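Chemist: After the structure tokens below, expect a handful of questions from me.
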Amino acid sequence: MLSIENLHVSVGDKQILKGISLNIGHGEVHAIMGPNGSGKSTLAHVLAGRDGYTVNSGTVRYNGVDLLDLAPEERAREGVFLAFQYPVEIPGVSNIVLLKAALNSIRKHKGLDELDAMDFISLVKSKTKLVDMDEKFLYRAVNEGFSGGEKKRNEILQMAVLEPRLAILDETDSGLDIDAIKIVSDGVNALRSEDRSIVLVTHYQRLLDYIKPDFVHVLAGGRIVKSGDASLALELEDRGYGWVQQHAGA
Amino acid sequence: MSVQFKEHYVSQYSALQASLPGTGLPWLNALRKQALDRFSRSGFPSPREEEWRYTNVAPIERKLFSPFVGTASVDSASLARYRVDGAACLVFVDGQFNAALSTVPEPGEDIVICPMGEAMEKHPDLVEKHFGSVIQRESSGFLSFNTALFTDGALVFLPEGMKIDCPLQLLYVSASPDVLSTARNLVVAQPGSQVEIIESYVGLGDAGYLTAAVTELLVADDSYVTWSKLQSENGRAFHFGGLYADVGPNGRLDHSSFSFGGLLVRNEVHVDLAEASECSLDGLFLATGRQHVDNHTRIGHRKPHGVSREFYKGILDQRARGVFQGRVIVDQYAQKTDSEMNNRNLLLSSDAEIDIKPQLEIYADDVKCAHGVTVGQIEDESVFYLQSRGVDAVAARNMLTFAFANEMVGKIDRPALRSLVQDELLDALPATNLRKEWL
Ligand SMILES: Nc1ncnc2c1ncn2[C@@H]1O[C@H](COP(=O)(O)OP(=O)(O)O)[C@@H](O)[C@H]1O
Ligand SMILES: [Mg+2]
């Protein structure tokens, strides 16, 4: 469903991604691991369509279309979802307003009617349970004054409401304690399905104890230096990133 | 030209004199004459005056406005959207009280609420006692202009300990082309009284006009006055509005100003605080196209233990210009003053401009005074966040702009007023695809 071919990306003069190739099938869960600064967030941002990155070469096909050709909102409407490493605070826009605007724009794109107020509220409320979130959060400004854990849960809530086909979770575990990781992971696991592919970007293998990936890739220095199954993550845990980097001559 | 416009207004005065409110009152005639003399010497303020540095009112002088002497026909339906549900309402059309469109409350118990024309006949002593008392230290071309030429306005008098339960709206409607609307209000809240007043300025036609309105507000000891102003003049209108308030010991004034319309606008607020009295000034101004909106506030802490809170937000789009001047004066005796001033502005275009001038003049040594100002743009990061959720870039920017403004609207306690201001805001902003049910 997603096919990245030899992707080179730079910011200004700085080369960040130096030839990434990656194939993701329907319903698969891929973990992308790597040391800080290796380019994980850059990859996530480029897939979501953030400005400021230059794609020097390479292609990204998503369900048969050229993903890089689409505006960020078009990607979202086509089912791409990015859970931000650093979710943005938006004072003055409540969670519920954002969710409604988002869901309706996606439904409209699919040719569906907008949900009426009652159906929408009950849908959203049912999803809050998935991430163990108090309904009161729906009426608070997006992420404003939320703790780190609350922000990450809020990202997963949005994912649950928007039901993407490709979800990219950028360090959704970072800064969370074990209890919070469990809540977030339970939420993500509940959202796993045949027609939803998930990319888990993480620095630690800890998250993978809770969300079992089908594939693990190690990103270092802007390249995927090693790919394998879930056991690769454990090996990394034992031997550290230095091992793969040497291994790959990176 | 400048001589011509002064002569025009002097001749307007001569022509109208006999029909102006209080024309039989010698003290008022003298006051008007003096003011007219001052105006014919000084004219409107010039940018050479420090207080008018950022606002050039010369365009007002290029056109000759006249008070409307007939009765413009305004149907009630066209005013419906401007009326605050549950409020009593005095409607003034082209500067004249319109009884048919108004709902004048009769609260009894010596409370007085009436148009100025009637006040001069029925309560001349009351008016004489207070009229001009708040503005006597002030001098401004617009004040003289208003004093000389005011055609109507409202008198509100609350005896000691009285409270008016429903809010009172003063709705000023300009309907005729080139009309001059000069309202003069006098509001006296005697000790321990309480009232909520909403003044609205709206323009119904497309043609230009000039509003020059002045309010004197006396908030006596232990009284509490809430004063909101909604300025929705039309796109060709000139608007000068001044609120001059004296707050007595332990008194409180909560003022909020929403300024969305007009071509050239000056909103002035002057508050003098006595011992342990408080005021809060909130403001939101929005300007686009070639609008110019100037917010000029002055808070004078005259005695110890006063508290003032000021928070203004501005949004400027296209080639609009905004001004925020916030002056806080803490007199030598005003120890333990606690004052905060904040002004945040959002520029939506690279051609928009804002001039900000916070002025703290502190002559006491044991005080807490803080101020902060910011000018910013909509953050790309926030736009991207919304886009990544499926909201298109234009809608995202609109939503963020609305959110910035809505913080001020959200502070309005009265639901009927909040909803009215929200409607005006949604109208004034570019299409937001936000709907009221979401707010
Ligand atoms: N906007 C940017 N400008 C300059 N350098 C950037 C920018 N974004 C990322 N980088 C650099 O690119 C590299 C990869 O960053 P990032 O993708 O955030 O890594 P990761 O998410 O793996 O920690 C880092 O060296 C980082 O400093
Ligand atoms: Mg990162």
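Chain labels A, B, ... are given in the sequence in which chains occur in the structure tokens; within each chain residues are numbered consecutively from 1, and ligands are likewise numbered from 1 in the order shown.
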Neighbours of ligand 1 at 10 Å or closer, counting only C-alpha atoms and all ligand atoms: which residues, as JSON, numbers by chain?
Modeler: {"A": [9, 10, 11, 12, 13, 14, 15, 16, 17, 32, 33, 34, 35, 36, 37, 38, 39, 40, 41, 42, 43, 44, 45, 46, 51, 52, 53, 85, 170, 171, 201, 202, 203, 219, 220, 221, 222]}
Chemist: Can those selected residues be exported to a file as an mmCIF file, in the first residue's frame so that it contains C-alpha atoms?
Modeler:
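Dumped to part_19.cif:
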```cif
data_model
loop_
_atom_site.group_PDB
_atom_site.id
_atom_site.type_symbol
_atom_site.label_atom_id
_atom_site.label_comp_id
_atom_site.auth_asym_id
_atom_site.auth_seq_id
_atom_site.Cartn_x
_atom_site.Cartn_y
_atom_site.Cartn_z
ATOM 1 C CA VAL A 9 15.556 14.449 1.268
ATOM 2 C CA SER A 10 17.399 17.533 2.380
ATOM 3 C CA VAL A 11 16.684 20.595 4.478
ATOM 4 C CA GLY A 12 18.537 23.572 3.107
ATOM 5 C CA ASP A 13 22.020 22.312 2.307
ATOM 6 C CA LYS A 14 21.772 19.414 4.673
ATOM 7 C CA GLN A 15 21.163 15.909 3.338
ATOM 8 C CA ILE A 16 19.006 14.045 5.838
ATOM 9 C CA LEU A 17 17.505 11.038 4.069
ATOM 10 C CA ILE A 32 11.353 2.119 12.376
ATOM 11 C CA MET A 33 14.038 2.365 14.983
ATOM 12 C CA GLY A 34 17.163 4.393 15.109
ATOM 13 C CA PRO A 35 19.330 6.700 17.125
ATOM 14 C CA ASN A 36 18.389 10.332 17.648
ATOM 15 C CA GLY A 37 19.034 12.468 14.606
ATOM 16 C CA SER A 38 18.955 9.559 12.192
ATOM 17 C CA GLY A 39 16.062 11.032 10.199
ATOM 18 C CA LYS A 40 13.015 9.210 11.584
ATOM 19 C CA SER A 41 10.898 12.326 12.104
ATOM 20 C CA THR A 42 12.048 13.694 8.782
ATOM 21 C CA LEU A 43 10.714 10.609 7.052
ATOM 22 C CA ALA A 44 7.443 10.862 8.972
ATOM 23 C CA HIS A 45 7.068 14.549 8.088
ATOM 24 C CA VAL A 46 7.834 14.028 4.433
ATOM 25 C CA ASP A 51 6.781 22.091 4.143
ATOM 26 C CA GLY A 52 10.460 22.860 4.331
ATOM 27 C CA TYR A 53 11.869 19.575 3.051
ATOM 28 C CA GLN A 85 6.343 13.457 18.180
ATOM 29 C CA ASP A 170 6.321 9.263 15.672
ATOM 30 C CA GLU A 171 7.774 8.393 19.076
ATOM 31 C CA VAL A 201 8.728 5.225 14.856
ATOM 32 C CA THR A 202 10.582 4.675 18.078
ATOM 33 C CA HIS A 203 13.912 5.052 19.696
ATOM 34 C CA LEU A 219 17.401 3.850 10.311
ATOM 35 C CA ALA A 220 20.841 5.331 10.818
ATOM 36 C CA GLY A 221 22.497 8.248 9.101
ATOM 37 C CA GLY A 222 19.557 8.691 6.758
#
```
Chemist: Output as a tab-separated table one row per residue of chain A within 6 Å of chain B: the closest atom pair and its distance in Å to one decimal place, counting only C-alpha atoms, sorted by chain and residue number ascending.
Modeler:
```
residue	atom	partner	partner_atom	distance
A:Pro72	CA	B:Ser388	CA	5.5
A:Glu73	CA	B:Gly390	CA	4.2
A:Ala76	CA	B:Gly390	CA	4.8
A:Arg77	CA	B:Gly390	CA	5.4
A:Gly92	CA	B:Ala403	CA	4.2
A:Val93	CA	B:Ala403	CA	5.6
A:Val97	CA	B:Trp438	CA	5.8
A:Ala102	CA	B:Gly390	CA	5.2
A:Ser105	CA	B:Gly390	CA	6.0
```
Chemist: Can those selected residues be exported to a file as a PDB file, in the first residue's frame so that it contains N, CA, C and O atoms?
Modeler:
```pdb
ATOM      1  N   PRO A  72      -0.883  18.231   2.101  1.00  0.00           N
ATOM      2  CA  PRO A  72      -1.019  17.494   3.360  1.00  0.00           C
ATOM      3  C   PRO A  72      -2.464  17.099   3.669  1.00  0.00           C
ATOM      4  O   PRO A  72      -2.725  15.976   4.100  1.00  0.00           O
ATOM      5  N   GLU A  73      -3.404  18.046   3.424  1.00  0.00           N
ATOM      6  CA  GLU A  73      -4.792  17.731   3.766  1.00  0.00           C
ATOM      7  C   GLU A  73      -5.367  16.663   2.836  1.00  0.00           C
ATOM      8  O   GLU A  73      -6.212  15.866   3.240  1.00  0.00           O
ATOM      9  N   ALA A  76      -4.231  13.418   4.196  1.00  0.00           N
ATOM     10  CA  ALA A  76      -5.031  13.047   5.361  1.00  0.00           C
ATOM     11  C   ALA A  76      -6.378  12.486   4.912  1.00  0.00           C
ATOM     12  O   ALA A  76      -6.864  11.493   5.451  1.00  0.00           O
ATOM     13  N   ARG A  77      -6.957  13.120   3.886  1.00  0.00           N
ATOM     14  CA  ARG A  77      -8.266  12.669   3.417  1.00  0.00           C
ATOM     15  C   ARG A  77      -8.180  11.312   2.731  1.00  0.00           C
ATOM     16  O   ARG A  77      -9.140  10.554   2.715  1.00  0.00           O
ATOM     17  N   GLY A  92      -7.625  28.110  21.807  1.00  0.00           N
ATOM     18  CA  GLY A  92      -8.810  28.675  21.166  1.00  0.00           C
ATOM     19  C   GLY A  92      -9.558  27.712  20.245  1.00  0.00           C
ATOM     20  O   GLY A  92     -10.658  28.001  19.828  1.00  0.00           O
ATOM     21  N   VAL A  93      -8.935  26.565  19.920  1.00  0.00           N
ATOM     22  CA  VAL A  93      -9.662  25.551  19.148  1.00  0.00           C
ATOM     23  C   VAL A  93      -9.819  24.331  20.052  1.00  0.00           C
ATOM     24  O   VAL A  93      -8.831  23.756  20.493  1.00  0.00           O
ATOM     25  N   VAL A  97     -13.946  20.610  18.280  1.00  0.00           N
ATOM     26  CA  VAL A  97     -14.044  21.389  17.041  1.00  0.00           C
ATOM     27  C   VAL A  97     -13.065  20.844  16.003  1.00  0.00           C
ATOM     28  O   VAL A  97     -13.408  20.650  14.834  1.00  0.00           O
ATOM     29  N   ALA A 102     -12.074  17.882  11.130  1.00  0.00           N
ATOM     30  CA  ALA A 102     -11.242  16.866  10.484  1.00  0.00           C
ATOM     31  C   ALA A 102     -12.106  15.736   9.929  1.00  0.00           C
ATOM     32  O   ALA A 102     -12.004  15.372   8.755  1.00  0.00           O
ATOM     33  N   SER A 105     -14.214  16.788   6.936  1.00  0.00           N
ATOM     34  CA  SER A 105     -13.496  16.999   5.676  1.00  0.00           C
ATOM     35  C   SER A 105     -13.126  15.648   5.059  1.00  0.00           C
ATOM     36  O   SER A 105     -13.127  15.500   3.836  1.00  0.00           O
TER      37      SER A 105
END
```
Chemist: Just checking: using only C-alpha atoms and all ligand atoms, which residue out of A:Asp134, A:Asp69, A:Glu155, A:Asp173 ends up closest to ligand 2?
Modeler: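 For ligand 2, the nearest of the given residues is A:Asp173.
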Chemist: Show me, as a VMD selection string, the residues that have an atom within 10 Å of segment 28-41 of chain B when counting only C-alpha atoms, minus same-chain residues fewer than 4 positions from it.
Modeler: chain B and resid 3 5 to 10 13 17 20 to 24 45 120 124 127 to 128 131 to 132 139 to 150
Chemist: Can you tell me, as a PyMOL selection string, which residues in segment 52-147 of chain A count as strand (DSSP E or B) by DSSP?
Modeler: chain A and resi 54-62+65-66+80-83+90-94+141-142
Chemist: Which residues come within 8 Å of segment 195-198 of chain A, counting only C-alpha atoms, excluding same-chain residues fewer than 2 positions away, as a count of residues only?
Modeler: 17
Chemist: Enumerate, as a count of residues only, the complete set of residues in segment 109-241 of chain B that a backbone-based DSSP assignment places in helix (DSSP H, G or I).
Modeler: 23
Chemist: Figure out the distance between atom CA of Asp413 of chain B and atom CA of Leu101 of chain B, please, to one decimal in Å.
Modeler: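 One can read the atom CA of Leu101 of chain B to atom CA of Asp413 of chain B distance as 26.1 Å.
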Chemist: Quick one: everything within 8 Å of Leu180 of chain B, counting only C-alpha atoms, minus sequence neighbours fewer than 3 positions away in the same chain. Send it as a PyMOL selection string.
Modeler: chain B and resi 65-68+94-95+209-212
Chemist: So that I have them on file, write out the residues from the current selection with N, CA, C and O atoms, as a PDB file, in the first residue's frame.
Modeler:
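Result file out.pdb:
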```pdb
ATOM      1  N   PHE B  65     -20.076  66.573   6.915  1.00  0.00           N
ATOM      2  CA  PHE B  65     -21.175  65.763   7.440  1.00  0.00           C
ATOM      3  C   PHE B  65     -22.167  66.667   8.163  1.00  0.00           C
ATOM      4  O   PHE B  65     -21.780  67.675   8.743  1.00  0.00           O
ATOM      5  N   SER B  66     -23.418  66.289   8.109  1.00  0.00           N
ATOM      6  CA  SER B  66     -24.429  67.102   8.769  1.00  0.00           C
ATOM      7  C   SER B  66     -25.370  66.230   9.586  1.00  0.00           C
ATOM      8  O   SER B  66     -25.729  65.141   9.153  1.00  0.00           O
ATOM      9  N   PRO B  67     -25.795  66.756  10.731  1.00  0.00           N
ATOM     10  CA  PRO B  67     -26.798  66.022  11.505  1.00  0.00           C
ATOM     11  C   PRO B  67     -28.054  65.893  10.655  1.00  0.00           C
ATOM     12  O   PRO B  67     -28.393  66.813   9.909  1.00  0.00           O
ATOM     13  N   PHE B  68     -28.708  64.783  10.756  1.00  0.00           N
ATOM     14  CA  PHE B  68     -29.893  64.546   9.958  1.00  0.00           C
ATOM     15  C   PHE B  68     -31.086  65.142  10.672  1.00  0.00           C
ATOM     16  O   PHE B  68     -31.297  64.904  11.847  1.00  0.00           O
ATOM     17  N   ASP B  94     -29.484  57.938  13.271  1.00  0.00           N
ATOM     18  CA  ASP B  94     -28.806  59.157  12.805  1.00  0.00           C
ATOM     19  C   ASP B  94     -28.711  60.203  13.913  1.00  0.00           C
ATOM     20  O   ASP B  94     -28.936  61.400  13.696  1.00  0.00           O
ATOM     21  N   GLY B  95     -28.427  59.739  15.102  1.00  0.00           N
ATOM     22  CA  GLY B  95     -28.213  60.661  16.212  1.00  0.00           C
ATOM     23  C   GLY B  95     -29.474  61.113  16.931  1.00  0.00           C
ATOM     24  O   GLY B  95     -29.391  61.948  17.829  1.00  0.00           O
ATOM     25  N   TYR B 209     -20.383  58.081   6.710  1.00  0.00           N
ATOM     26  CA  TYR B 209     -20.980  58.955   7.719  1.00  0.00           C
ATOM     27  C   TYR B 209     -19.954  59.131   8.828  1.00  0.00           C
ATOM     28  O   TYR B 209     -18.898  58.484   8.817  1.00  0.00           O
ATOM     29  N   LEU B 210     -20.261  60.020   9.752  1.00  0.00           N
ATOM     30  CA  LEU B 210     -19.344  60.269  10.863  1.00  0.00           C
ATOM     31  C   LEU B 210     -20.065  60.090  12.200  1.00  0.00           C
ATOM     32  O   LEU B 210     -21.101  60.700  12.441  1.00  0.00           O
ATOM     33  N   THR B 211     -19.507  59.227  13.016  1.00  0.00           N
ATOM     34  CA  THR B 211     -20.002  59.064  14.379  1.00  0.00           C
ATOM     35  C   THR B 211     -18.984  59.703  15.315  1.00  0.00           C
ATOM     36  O   THR B 211     -17.795  59.403  15.218  1.00  0.00           O
ATOM     37  N   ALA B 212     -19.460  60.588  16.167  1.00  0.00           N
ATOM     38  CA  ALA B 212     -18.566  61.159  17.177  1.00  0.00           C
ATOM     39  C   ALA B 212     -19.316  61.111  18.504  1.00  0.00           C
ATOM     40  O   ALA B 212     -20.112  61.980  18.809  1.00  0.00           O
TER      41      ALA B 212
END
```
Chemist: To one decimal place, how far is atom CA of Ile111 of chain B from atom CA of Val156 of chain B in Å?
Modeler: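 Atom CA of Val156 of chain B lies 7.6 Å from atom CA of Ile111 of chain B.
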Chemist: Hey, can you check how far atom CA of Phe44 of chain B sits from atom CA of Arg62 of chain B?
Modeler: 11.8 Å
Chemist: Segment 318-324 of chain B: which residues within 10 Å, counting only C-alpha atoms, same-chain residues fewer than 4 positions away excluded, as a PyMOL selection string?
Modeler: chain B and resi 53-55+263-267+285-297+312-314+343-345+347-358+373
Chemist: I want to know what sits within 6 Å of segment 194-207 of chain B, based on only C-alpha atoms, with residues of the same chain fewer than 2 positions away left out; could you give that as number ranges by chain?
Modeler: B: 163-164, 167-175, 177, 223-234
